[in-house]
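File shown here: query_17.cif, holding mmCIF, C-alpha atoms and all ligand atoms.
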```cif
data_model
loop_
_atom_site.label_atom_id
_atom_site.label_comp_id
_atom_site.auth_asym_id
_atom_site.auth_seq_id
_atom_site.Cartn_x
_atom_site.Cartn_y
_atom_site.Cartn_z
CA MET U 1 10.05 54.25 23.51
CA GLN U 2 9.44 54.65 27.23
CA LYS U 3 6.68 57.17 26.52
CA LYS U 4 4.90 54.85 24.04
CA LYS U 5 4.87 52.01 26.54
CA LYS U 6 3.27 54.23 29.14
CA ALA U 7 0.58 55.38 26.72
CA LEU U 8 -0.27 51.81 25.85
CA THR U 9 -0.57 50.79 29.48
CA SER U 10 -3.00 53.54 30.29
CA LYS U 11 -5.04 52.69 27.20
CA LYS U 12 -4.99 49.07 28.32
CA SER U 13 -6.83 49.83 31.53
CA LEU U 14 -9.31 52.04 29.68
CA LEU U 15 -10.03 49.32 27.15
CA LYS U 16 -10.42 46.71 29.83
CA LYS U 17 -13.22 48.83 31.20
CA SER U 18 -14.82 49.53 27.86
CA ILE U 19 -15.13 45.92 26.77
CA ALA U 20 -15.95 44.42 30.13
CA VAL U 21 -19.08 42.27 30.22
CA PRO U 22 -21.96 44.26 31.76
CA LYS U 23 -23.04 43.07 35.21
CA LYS U 24 -26.62 42.41 34.26
CA SER U 25 -26.89 41.35 30.67
CA PHE U 26 -29.64 39.42 28.91
CA SER U 27 -26.95 37.84 26.81
CA LYS U 28 -25.79 35.94 29.89
CA GLU U 29 -28.44 33.38 29.10
CA ILE U 30 -27.25 32.97 25.56
CA GLU U 31 -25.25 29.85 24.92
CA ARG U 32 -21.97 30.70 23.24
CA THR U 33 -19.53 28.94 20.96
CA LYS U 34 -16.08 29.65 22.32
CA THR U 35 -14.03 30.19 19.19
CA GLY U 36 -10.80 29.29 21.01
CA ILE U 37 -8.96 31.81 18.82
CA ASN U 38 -6.31 33.56 20.93
CA GLY U 39 -7.83 36.81 22.24
CA PHE U 40 -11.04 36.74 20.17
CA ASP U 41 -13.59 35.49 22.70
CA GLU U 42 -12.78 38.44 24.98
CA LEU U 43 -14.18 40.74 22.27
CA VAL U 44 -17.59 39.02 22.17
CA GLU U 45 -18.59 38.21 25.76
CA GLY U 46 -16.90 34.83 25.70
CA GLY U 47 -17.93 33.55 22.29
CA ILE U 48 -20.20 33.72 19.26
CA PRO U 49 -23.89 32.98 20.05
CA ARG U 50 -24.38 29.27 19.41
CA GLY U 51 -26.07 28.62 16.08
CA ALA U 52 -25.21 32.07 14.67
CA PHE U 53 -24.36 32.68 11.02
CA VAL U 54 -21.41 35.05 11.13
CA LEU U 55 -19.73 36.80 8.24
CA LEU U 56 -15.94 37.06 8.22
CA SER U 57 -15.08 39.87 5.88
CA GLY U 58 -11.78 41.25 4.64
CA GLY U 59 -9.56 42.08 1.69
CA THR U 60 -7.18 39.62 0.10
CA GLY U 61 -4.50 38.16 2.38
CA THR U 62 -6.06 39.52 5.56
CA GLY U 63 -6.13 36.03 7.11
CA LYS U 64 -9.74 34.98 6.49
CA SER U 65 -8.99 31.35 5.58
CA ILE U 66 -6.52 30.99 8.46
CA PHE U 67 -9.10 32.44 10.89
CA GLY U 68 -11.67 29.96 9.55
CA MET U 69 -9.32 27.01 9.93
CA ASN U 70 -8.29 28.21 13.40
CA PHE U 71 -11.98 28.28 14.40
CA LEU U 72 -12.36 24.63 13.35
CA ALA U 73 -9.02 23.41 14.79
CA SER U 74 -9.79 25.06 18.16
CA GLY U 75 -13.28 23.57 18.04
CA ILE U 76 -11.81 20.10 17.71
CA ASP U 77 -9.73 20.74 20.87
CA LEU U 78 -13.03 21.64 22.57
CA ASN U 79 -14.60 18.43 21.29
CA GLU U 80 -16.65 20.17 18.61
CA PRO U 81 -16.16 18.59 15.16
CA GLY U 82 -16.25 20.88 12.13
CA VAL U 83 -16.91 21.06 8.40
CA TYR U 84 -14.88 23.25 6.04
CA ILE U 85 -16.47 23.96 2.68
CA SER U 86 -13.76 25.15 0.36
CA LEU U 87 -15.27 26.70 -2.72
CA GLU U 88 -12.07 28.27 -3.93
CA GLU U 89 -8.73 26.95 -2.76
CA SER U 90 -7.38 23.51 -3.46
CA TYR U 91 -7.17 20.85 -0.78
CA ASP U 92 -3.37 20.82 -0.99
CA GLU U 93 -3.15 24.54 -0.31
CA ASN U 94 -5.40 24.14 2.72
CA ARG U 95 -3.42 21.20 4.03
CA LEU U 96 -0.07 22.95 3.68
CA GLN U 97 -1.29 26.15 5.28
CA MET U 98 -2.87 24.25 8.22
CA GLN U 99 0.31 22.27 8.85
CA LEU U 100 2.34 25.45 9.36
CA PHE U 101 0.14 26.31 12.30
CA GLY U 102 0.40 22.85 13.82
CA TRP U 103 -3.05 21.69 12.72
CA ASP U 104 -2.83 18.19 11.33
CA ILE U 105 -5.95 18.20 9.19
CA GLU U 106 -5.37 14.71 7.80
CA GLU U 107 -5.33 13.22 11.28
CA MET U 108 -8.41 15.30 12.20
CA GLN U 109 -10.19 13.85 9.17
CA ARG U 110 -9.08 10.30 9.97
CA GLN U 111 -10.52 10.72 13.46
CA LYS U 112 -13.78 11.97 11.91
CA LYS U 113 -13.52 15.32 13.66
CA LEU U 114 -13.15 17.31 10.48
CA ILE U 115 -14.56 17.14 6.96
CA ILE U 116 -13.11 19.26 4.19
CA ALA U 117 -15.46 19.34 1.24
CA GLN U 118 -14.72 20.89 -2.11
CA PRO U 119 -17.88 20.92 -4.20
CA LYS U 120 -16.62 21.14 -7.77
CA MET U 121 -19.65 22.26 -9.68
CA TYR U 122 -21.67 24.93 -8.12
CA ASP U 123 -25.23 23.88 -7.43
CA PHE U 124 -26.94 25.61 -4.55
CA ASP U 125 -29.37 22.84 -3.54
CA ARG U 126 -26.56 20.32 -3.74
CA LEU U 127 -24.40 22.53 -1.49
CA ILE U 128 -27.06 22.52 1.23
CA GLU U 129 -27.50 18.73 0.92
CA LEU U 130 -23.75 18.22 1.08
CA LEU U 131 -23.54 20.39 4.19
CA GLN U 132 -26.36 18.51 5.91
CA ASP U 133 -24.77 15.13 5.14
CA ALA U 134 -21.31 16.22 6.26
CA VAL U 135 -22.58 17.76 9.51
CA THR U 136 -24.70 14.73 10.38
CA SER U 137 -21.98 12.21 9.58
CA ILE U 138 -19.51 13.55 12.19
CA GLY U 139 -21.90 15.41 14.51
CA ALA U 140 -20.30 18.73 13.53
CA LYS U 141 -20.98 21.82 15.63
CA ARG U 142 -19.06 24.30 13.46
CA VAL U 143 -19.05 25.12 9.77
CA VAL U 144 -16.79 27.38 7.72
CA ILE U 145 -17.70 28.36 4.16
CA ASP U 146 -14.75 29.72 2.20
CA SER U 147 -16.16 31.77 0.58
CA ILE U 148 -19.77 32.80 0.08
CA SER U 149 -18.72 35.67 -2.20
CA ILE U 150 -18.86 33.10 -4.96
CA LEU U 151 -22.65 32.90 -4.55
CA GLU U 152 -22.89 36.35 -6.06
CA LEU U 153 -21.54 34.97 -9.30
CA TYR U 154 -24.33 32.42 -9.56
CA PHE U 155 -27.34 34.58 -8.97
CA LYS U 156 -28.75 37.15 -11.29
CA ASP U 157 -29.33 39.98 -8.86
CA LYS U 158 -29.07 41.08 -5.26
CA PHE U 159 -32.55 39.80 -4.47
CA ASP U 160 -31.63 36.25 -5.56
CA THR U 161 -28.29 36.39 -3.77
CA ARG U 162 -29.90 37.60 -0.58
CA HIS U 163 -32.59 34.93 -0.88
CA SER U 164 -29.98 32.18 -1.36
CA ILE U 165 -27.93 33.34 1.61
CA ILE U 166 -31.07 33.44 3.77
CA ASN U 167 -31.82 29.85 2.68
CA LEU U 168 -28.27 28.82 3.46
CA SER U 169 -28.21 30.44 6.90
CA THR U 170 -31.68 29.04 7.73
CA ALA U 171 -30.57 25.54 6.73
CA LEU U 172 -27.45 25.83 8.87
CA LYS U 173 -29.45 27.12 11.84
CA GLU U 174 -31.87 24.20 11.47
CA ILE U 175 -28.93 21.82 11.59
CA GLY U 176 -27.81 23.68 14.72
CA VAL U 177 -24.22 24.60 13.81
CA THR U 178 -22.31 27.86 14.35
CA THR U 179 -21.12 29.14 10.98
CA ILE U 180 -18.34 31.42 9.81
CA ALA U 181 -19.08 32.48 6.24
CA ILE U 182 -16.09 34.13 4.59
CA THR U 183 -16.66 37.02 2.24
CA GLU U 184 -14.13 38.98 0.22
CA ILE U 185 -14.18 42.72 -0.10
CA ASP U 186 -12.28 45.02 -2.38
CA GLU U 187 -9.92 47.12 -0.32
CA GLY U 188 -10.76 50.75 0.20
CA THR U 189 -14.47 50.43 -0.62
CA GLY U 190 -15.52 50.53 3.03
CA ARG U 191 -18.00 47.75 2.29
CA LEU U 192 -18.56 44.69 4.48
CA SER U 193 -19.25 42.40 1.55
CA ARG U 194 -18.89 42.71 -2.19
CA ASP U 195 -22.51 43.48 -2.95
CA SER U 196 -23.44 44.79 0.51
CA VAL U 197 -25.96 41.96 0.76
CA GLU U 198 -24.54 39.34 3.10
CA GLU U 199 -24.15 41.57 6.15
CA PHE U 200 -27.91 42.13 6.35
CA VAL U 201 -28.75 38.45 6.53
CA SER U 202 -26.04 37.48 9.00
CA ASP U 203 -26.09 37.50 12.81
CA GLY U 204 -22.64 38.96 13.06
CA VAL U 205 -19.87 40.55 11.03
CA ILE U 206 -16.18 40.26 11.88
CA VAL U 207 -13.82 42.38 9.78
CA LEU U 208 -10.12 41.70 9.16
CA HIS U 209 -8.02 44.70 8.20
CA ILE U 210 -4.58 45.41 6.81
CA GLU U 211 -3.61 49.03 7.35
CA LYS U 212 -0.57 50.74 5.94
CA LYS U 213 1.30 53.47 7.75
CA ASP U 214 4.55 54.78 6.26
CA ASN U 215 6.30 51.61 5.13
CA ILE U 216 4.65 49.25 7.60
CA MET U 217 1.53 47.16 7.16
CA SER U 218 -0.31 45.97 10.26
CA ARG U 219 -3.07 43.44 10.73
CA ALA U 220 -6.15 44.22 12.78
CA ILE U 221 -9.62 42.91 13.56
CA SER U 222 -12.93 44.43 14.57
CA VAL U 223 -16.42 43.18 15.33
CA ARG U 224 -18.86 45.20 13.25
CA LYS U 225 -21.95 43.44 14.56
CA MET U 226 -22.80 40.48 16.78
CA ARG U 227 -26.41 39.94 17.72
CA ALA U 228 -27.22 39.65 21.44
CA THR U 229 -23.66 40.61 22.31
CA ASN U 230 -22.07 43.61 23.95
CA HIS U 231 -19.04 43.36 21.67
CA SER U 232 -15.92 45.48 21.53
CA MET U 233 -16.22 48.55 19.32
CA LYS U 234 -12.46 48.95 18.95
CA ILE U 235 -10.11 47.89 16.18
CA HIS U 236 -7.65 45.48 17.78
CA PRO U 237 -4.18 44.46 16.64
CA MET U 238 -3.91 40.95 15.21
CA LYS U 239 -1.02 38.73 14.19
CA ILE U 240 -0.64 35.48 12.28
CA GLU U 241 1.97 33.35 14.00
CA LYS U 242 3.52 30.01 13.12
CA LYS U 243 2.43 27.21 15.49
CA LYS U 244 -0.28 29.46 16.95
CA GLY U 245 -2.43 30.77 14.13
CA ILE U 246 -4.40 33.94 14.79
CA VAL U 247 -3.39 36.02 17.81
CA ILE U 248 -5.54 39.01 18.81
CA TYR U 249 -4.70 41.63 21.42
CA PRO U 250 -8.08 42.36 23.05
CA PHE U 251 -6.79 45.04 25.43
CA GLU U 252 -4.93 47.07 22.84
CA GLU U 253 -6.16 49.13 19.95
CA SER U 254 -4.75 49.68 16.48
CA PHE U 255 -4.11 52.68 14.32
CA GLU U 256 -3.81 55.04 17.28
CA ASP U 257 -2.41 57.71 15.02
CA TYR U 258 -5.58 57.81 12.93
CA LYS U 259 -7.63 59.09 15.86
N1 LIG J 1 2.95 30.56 8.45
C1 LIG J 1 2.61 31.83 8.42
N2 LIG J 1 3.08 32.69 9.34
C2 LIG J 1 2.73 33.99 9.32
N3 LIG J 1 1.90 34.53 8.43
C3 LIG J 1 1.40 33.72 7.50
C4 LIG J 1 1.72 32.33 7.44
N4 LIG J 1 1.04 31.78 6.42
C5 LIG J 1 0.36 32.77 5.84
N5 LIG J 1 0.56 33.93 6.48
C6 LIG J 1 -0.04 35.23 6.15
O1 LIG J 1 -1.41 35.00 5.91
C7 LIG J 1 -1.77 35.49 4.62
C8 LIG J 1 -2.76 34.56 3.98
O2 LIG J 1 -3.81 34.32 4.87
P1 LIG J 1 -5.17 33.74 4.33
O3 LIG J 1 -4.95 32.75 3.26
O4 LIG J 1 -5.97 33.33 5.50
O5 LIG J 1 -5.78 35.09 3.72
P2 LIG J 1 -7.19 35.27 3.01
O6 LIG J 1 -7.76 36.52 3.58
O7 LIG J 1 -7.98 34.03 3.09
O8 LIG J 1 -6.70 35.57 1.53
P3 LIG J 1 -7.46 35.32 0.11
O9 LIG J 1 -8.22 36.55 -0.15
O10 LIG J 1 -6.33 35.14 -0.84
O11 LIG J 1 -8.31 34.10 0.23
C9 LIG J 1 -0.50 35.51 3.84
O12 LIG J 1 -0.56 36.51 2.84
C10 LIG J 1 0.55 35.83 4.89
O13 LIG J 1 0.63 37.23 5.09
MG MG J 2 -8.70 32.68 1.64
#
```
In structure tokens, what does this structure look like?
Amino acid sequence: MQKKKKALTSKKSLLKKSIAVPKKSFSKEIERTKTGINGFDELVEGGIPRGAFVLLSGGTGTGKSIFGMNFLASGIDLNEPGVYISLEESYDENRLQMQLFGWDIEEMQRQKKLIIAQPKMYDFDRLIELLQDAVTSIGAKRVVIDSISILELYFKDKFDTRHSIINLSTALKEIGVTTIAITEIDEGTGRLSRDSVEEFVSDGVIVLHIEKKDNIMSRAISVRKMRATNHSMKIHPMKIEKKKGIVIYPFEESFEDYK
């Protein structure tokens, strides 16, 4: 026990060095959206580049929707309204899950700081229109799309899917919002998205992991890419905690035994 603690502490100081912001970095000039998620901004030089289209990728139950909601709830605390496009889960499920973390989404919506939209029928042009209207109506600065994996079901091939995602990210950039686009991956494939398409058209990729060792499963997070950012290259432990939401440990690393 004692020994483990010591090992962690020494790693802590090493990691602090390895993810420190470089003294002279061009990215200093880049305006950033502070996610406000506990421990995340330390991994990406203080935040996601403003206006970026970032993929949040992970297997089922890795915490993608909670991360997305946390991003919007923290944004509201920072005076940045948000839009959540839920293409899969029902409003009630979202509301219940948010409440457990202390995020009163109904009040946020009443105060016009949050819009949760659930387009029923999938129509790509309509989705972009809906997004533009929602963002304009509350002056949103953040958007979460849960999930864009569904786009793959509506387009014939990878070319069309890629084209539609480029259109979507271009439209969102024109509106000037920072976007988290959730994508589901099948565990064990090593892919960053289902068809390996989305990661090429996005500015960043955040990956949520669940790793199993003996009879214990642990959550973790890594930043696979983030344009204009000297991001952490480690896999960091992550927890989902009641009243807090996502908690990341930026100065610790996961799966030490795999190295
Ligand atoms: N109140 C809570 N406290 C701690 N952990 C929770 C709580 N609520 C949910 N979780 C954990 O979060 C997981 C669900 O997170 P979330 O819905 O964000 O996952 P997801 O990656 O979006 O999953 P899916 O692929 O089903 O959409 C649950 O399986 C559970 O492990
Ligand atoms: Mg989900």
>> Here's a test: counting all atoms listed in the file, identify every protein, DNA and RNA residue with an atom at most 6 Å from (-4.9, 30.6, 10.5) in the file's coordinate frame, and state them as a PyMOL selection string.
In response: chain U and resi 66-67+69-70+245-246
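Residues of protein, DNA and RNA with at least one atom no farther than 12 Å from (-26.6, 31.4, 21.7) are, using all atoms listed in the file, Phe26, Ser27, Lys28, Glu29, Ile30, Glu31, Arg32, Thr33, Lys34, Val44, Glu45, Gly46, Gly47, Ile48, Pro49, Arg50, Gly51, Ala52, Phe53, Lys173, Gly176, Val177, Thr178, Asp203, Met226, Arg227, Ala228 and Thr229 of chain U.
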Quick one: contact table of segment 175-248 of chain U to segment 86-96 of chain U, 12 Å max, nearest atom pair and distance in Å to one decimal per residue, counting all atoms listed in the file, chain and number order, as JSON lines?
```
{"residue": "U:Ala181", "atom": "CA", "partner": "U:Ser86", "partner_atom": "CA", "distance": 10.8}
{"residue": "U:Ile182", "atom": "CA", "partner": "U:Ser86", "partner_atom": "CA", "distance": 10.2}
{"residue": "U:Thr183", "atom": "CA", "partner": "U:Leu87", "partner_atom": "CA", "distance": 11.5}
{"residue": "U:Glu184", "atom": "CA", "partner": "U:Glu88", "partner_atom": "CA", "distance": 11.7}
```
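Of the listed residues (U:Ile128, U:Val54, U:Leu114, U:Val144), U:Val144 comes nearest to ligand MG 2 (chain J); the distances count all atoms listed in the file.
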> ligand MG 2 (chain J): which residues are within 8 Å, counting only C-alpha atoms and all ligand atoms, as a ChimeraX atom specification?
Replying inline: /U:60-61,63-66,88-89,146-147
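Across U:Phe101, U:Phe71, U:Tyr84, U:Phe40, the tightest approach to ligand LIG 1 (chain J) is made by U:Phe101 when counting only C-alpha atoms and all ligand atoms.
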